[in-house]
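Step one of this worksheet: look at the structure below.
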Amino acid sequence: MHAGRPPQRVHPARTNAPAQRPGPRRPSTLLGTECKSLAFCRVVLDMAGGLGQVVAREMGAPKNQDGLSVREYVGYALGDTASCFFFWTFNIFLTYYYVDVWGIPAAAVSVMMLVVRFFDAVNDPLMGVIADRTKTRWGKFRPFLLWMAIPYGLCGYAIFANPAVGDAGRLPYAYITYTLMLVAYTAINVPYNALLGVLSPSAATRTVASGYRFAGANAGGLLVSLFVRPLVKELGGDDEMAGFQQTMAVFAVASILFFWACFANTEERVTPPPAQRSEVRGELVELVRNRPWIVLLFAAVFSTTFIVMRAGSTLFYFKYVVGDDGTPVLLFLDQSTLFLSSGMLCQVLGNLVLTRVADRIDKRKAATFLTLTTAVCFALFFVLPADNFPLLLAFNAVGMLCMGPTSALVFAMYGDVADYGEWKFGRRSTALVYSASLFSLKTGSMLAGALLPVFLDAFGFVRGADQNETAALGIVLAFSLVPGLFALLKAWALWAFPLDAAKVVQIERELRERREAPTVAA
């Protein structure tokens, strides 16, 4: 349909100024910076509390004997809020920070994303095995929220700490800090993901908990998309590097506190069968024989790829195609920030709707339909006029509204897969099953994190300069058709998922009967 991009895509008059190099840091006292950081921490906590109250009021506990208290639902959700303070920061800002702020070549960033994430991917099943064999008075999975919160916050901050390593030292520093962060992310998020599978034996309750979780995740993403750019300007002034450094210090503290709150307000209720024997080789063999797990693994990889590709290309699209120069268009929000934050808000609303109808839907069919809608909305950005900002907002709102509940549904399906493994093979490996969710996050992030710099480099992107037709086309493709294609692949994988609603109910009923039956000695 398009032999080339139309001239209005580039808006040279609005993008011809070279990108500003970080200048000297504006004079400010340490006390002034700390006051701003403390004020923002208060804003984060107030907003999180307000969102928790809204979620608690709107979502309600499921009407069954296994329903959890609202406090526990919200407490569990705070764990993903903590995780997403850095997850969404990396998705939206990390490639931009490395390439456009810190000045690392795009091709080098692409290689780094592949190398580091490939190495890190093997950690997920290993962490699943460790978590499944952990025994403490707090359970198997909750203790890691307590133990790993501080290392997680420190490693996330270190990526943006900007030490005086010189131009030659930036790439090695990026390799080291990015690797450490992913290890910390694995150590806290594999147990956190597995915790969903043991909060309740009820699939309906787990679906509600997953809805709360993703409301919390999207709240974290909303705070990131809403406040990172304004905070970088406020705390750093003309020094964008310093702005990122101080902003990430605030989010690091908030993530630590939220993980501890998750630990304090949750409880593990599902345990492996009493006669289950731990055998790593047997569990791994059963895992690869678990067809629902394999199908869901592909669906989750495709899901993370299109989400990260879309989020990571947003700033490039608005800066170099739309022509966003940072001028506020609504209150303190520029076009990029308004686009990102409104999309995150739509994800939260989508999760609220999901949990209202969680007991009455087939997760597989609902997730497939919603993903197809998201794929169409994202792909249409290839033909939407870049200068029609209200139209861009509208299509993004529909796509993100459908994407929010889809992610929650997919993660709830991992609980069904864990039940299927216990029902089929007589052994429950909750953390190992849920390690696939984190493996998919990292694999999808690896693909998208490598693809985006490849598109920038292959199509001739020039940092801080006018982009020609070819370079603008590469940015538009990375923002529209490529995410749309991966969303379509996700919909295909979800449709192939073999556990429908009737099968899930059957498995849940038979497992309940097994657990309630008296133990018979062999």
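In the structure tokens, each chain is lettered A, B, ... as it comes, each chain's residues begin at 1, and ligands are numbered from 1 in order of appearance.
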Residues near Val433 (chain A), cut-off 9 Å, only C-alpha atoms, skip fewer than 3 positions along chain, as an MDAnalysis selection string: chainID A and resid 125 128 194 287 293 414:415 417:418 421 428:430 436:437
Serialized selection, N, CA and C atoms, as a compact mmCIF listing (two decimals), in the first residue's frame:
# COMPACT_ATOMS: atom_id res chain seq x y z
N PRO A 125 14.34 -21.21 34.80
CA PRO A 125 14.03 -22.56 35.31
C PRO A 125 14.84 -22.92 36.55
N GLY A 128 13.19 -21.40 39.42
CA GLY A 128 11.97 -22.14 39.71
C GLY A 128 12.24 -23.39 40.53
N ALA A 194 5.02 -17.34 40.95
CA ALA A 194 4.55 -18.62 41.45
C ALA A 194 3.57 -18.44 42.61
N LEU A 287 7.55 -31.17 32.46
CA LEU A 287 7.27 -29.82 31.99
C LEU A 287 7.21 -29.76 30.47
N TRP A 293 1.50 -25.93 28.75
CA TRP A 293 2.63 -25.07 29.13
C TRP A 293 3.40 -24.62 27.90
N TYR A 414 -1.59 -19.67 33.68
CA TYR A 414 -0.46 -20.44 34.21
C TYR A 414 -0.89 -21.25 35.43
N GLY A 415 -1.80 -20.71 36.25
CA GLY A 415 -2.32 -21.48 37.36
C GLY A 415 -3.07 -22.72 36.89
N VAL A 417 -2.38 -24.28 34.16
CA VAL A 417 -1.33 -25.20 33.67
C VAL A 417 -0.69 -25.95 34.84
N ALA A 418 -0.46 -25.27 35.96
CA ALA A 418 0.10 -25.94 37.14
C ALA A 418 -0.86 -27.01 37.65
N GLY A 421 -0.64 -30.02 35.35
CA GLY A 421 0.54 -30.84 35.60
C GLY A 421 0.34 -31.77 36.79
N ARG A 428 3.21 -31.50 41.54
CA ARG A 428 2.97 -30.07 41.36
C ARG A 428 4.28 -29.32 41.45
N SER A 429 4.63 -28.61 40.36
CA SER A 429 5.87 -27.81 40.29
C SER A 429 5.48 -26.37 39.96
N THR A 430 4.88 -25.70 40.93
CA THR A 430 4.29 -24.38 40.67
C THR A 430 5.32 -23.37 40.18
N ALA A 436 8.20 -20.11 33.42
CA ALA A 436 8.00 -19.88 31.99
C ALA A 436 7.50 -18.49 31.73
N SER A 437 6.69 -17.94 32.66
CA SER A 437 6.18 -16.59 32.46
C SER A 437 7.32 -15.58 32.47
Secondary structure check, helix (DSSP H, G or I) residues of region 72-307 of chain A, as an NGL selection string: :A and (72-101 or 106-121 or 123-132 or 142-147 or 149-159 or 166-198 or 203-236 or 240-264 or 280-288 or 291-307)
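Distances from A:Ser210, A:Gln335, A:Thr95, A:Thr81 to Leu195 (chain A) were compared using only C-alpha atoms, and the smallest one belongs to A:Ser210.
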Surrounding residues of Ala394 (chain A) excluding itself and chain neighbours under 2 positions, 10 Å, only C-alpha atoms, as an MDAnalysis selection string: chainID A and resid 339 342:343 377 389:392 396:399
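If only C-alpha atoms are the atoms counted, then among A:Phe378, A:Phe86, A:Tyr212, A:Tyr185 the closest residue to Phe306 (chain A) is A:Phe378.
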All residues 12 Å or closer to region 511-517 of chain A, only C-alpha atoms, same chain fewer than 6 positions away omitted, as a list of chain:residue names: A:Asp66, A:Ser200, A:Pro201, A:Ser202, A:Ala203, A:Val270, A:Thr271, A:Pro272, A:Pro273, A:Pro274, A:Ala275, A:Asp416, A:Ala418, A:Asp419, A:Tyr420, A:Gly421, A:Glu422, A:Trp423, A:Lys424, A:Phe425, A:Gly426, A:Arg427, A:Arg428, A:Val504, A:Val505
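Residue nearest Thr134 (chain A), chosen from A:Pro191, A:Gly75, A:Asp167, A:Ala496 and counting only C-alpha atoms: A:Pro191.
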Neighbour list for Leu126 (chain A) as a list in words, cut-off 10 Å, only C-alpha atoms, skip fewer than 6 positions in-chain: Thr186, Ala187, Val190, Val280, Ala431, Leu432 and Ser435 of chain A
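Put simply, CA of Leu114 (chain A) is 26.4 Å away from CA of Asn218 (chain A).
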Separation of CA of Asp457 (chain A) from CA of Gly474 (chain A), in Å and rounded to one decimal: 9.0 Å
Ala471 (chain A) environment, 7 Å, only C-alpha atoms, sequence neighbours closer than 5 positions dropped, as a PyMOL selection string: chain A and resi 459-461
Ala149 (chain A) surroundings by only C-alpha atoms, 10 Å radius, close-in-sequence under 6 positions cut, as a count of residues only: 14
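The closest residue to Ala108 (chain A), picked from A:Leu452, A:Met181, A:Leu196, A:Ala209 and counting only C-alpha atoms, is A:Leu452.
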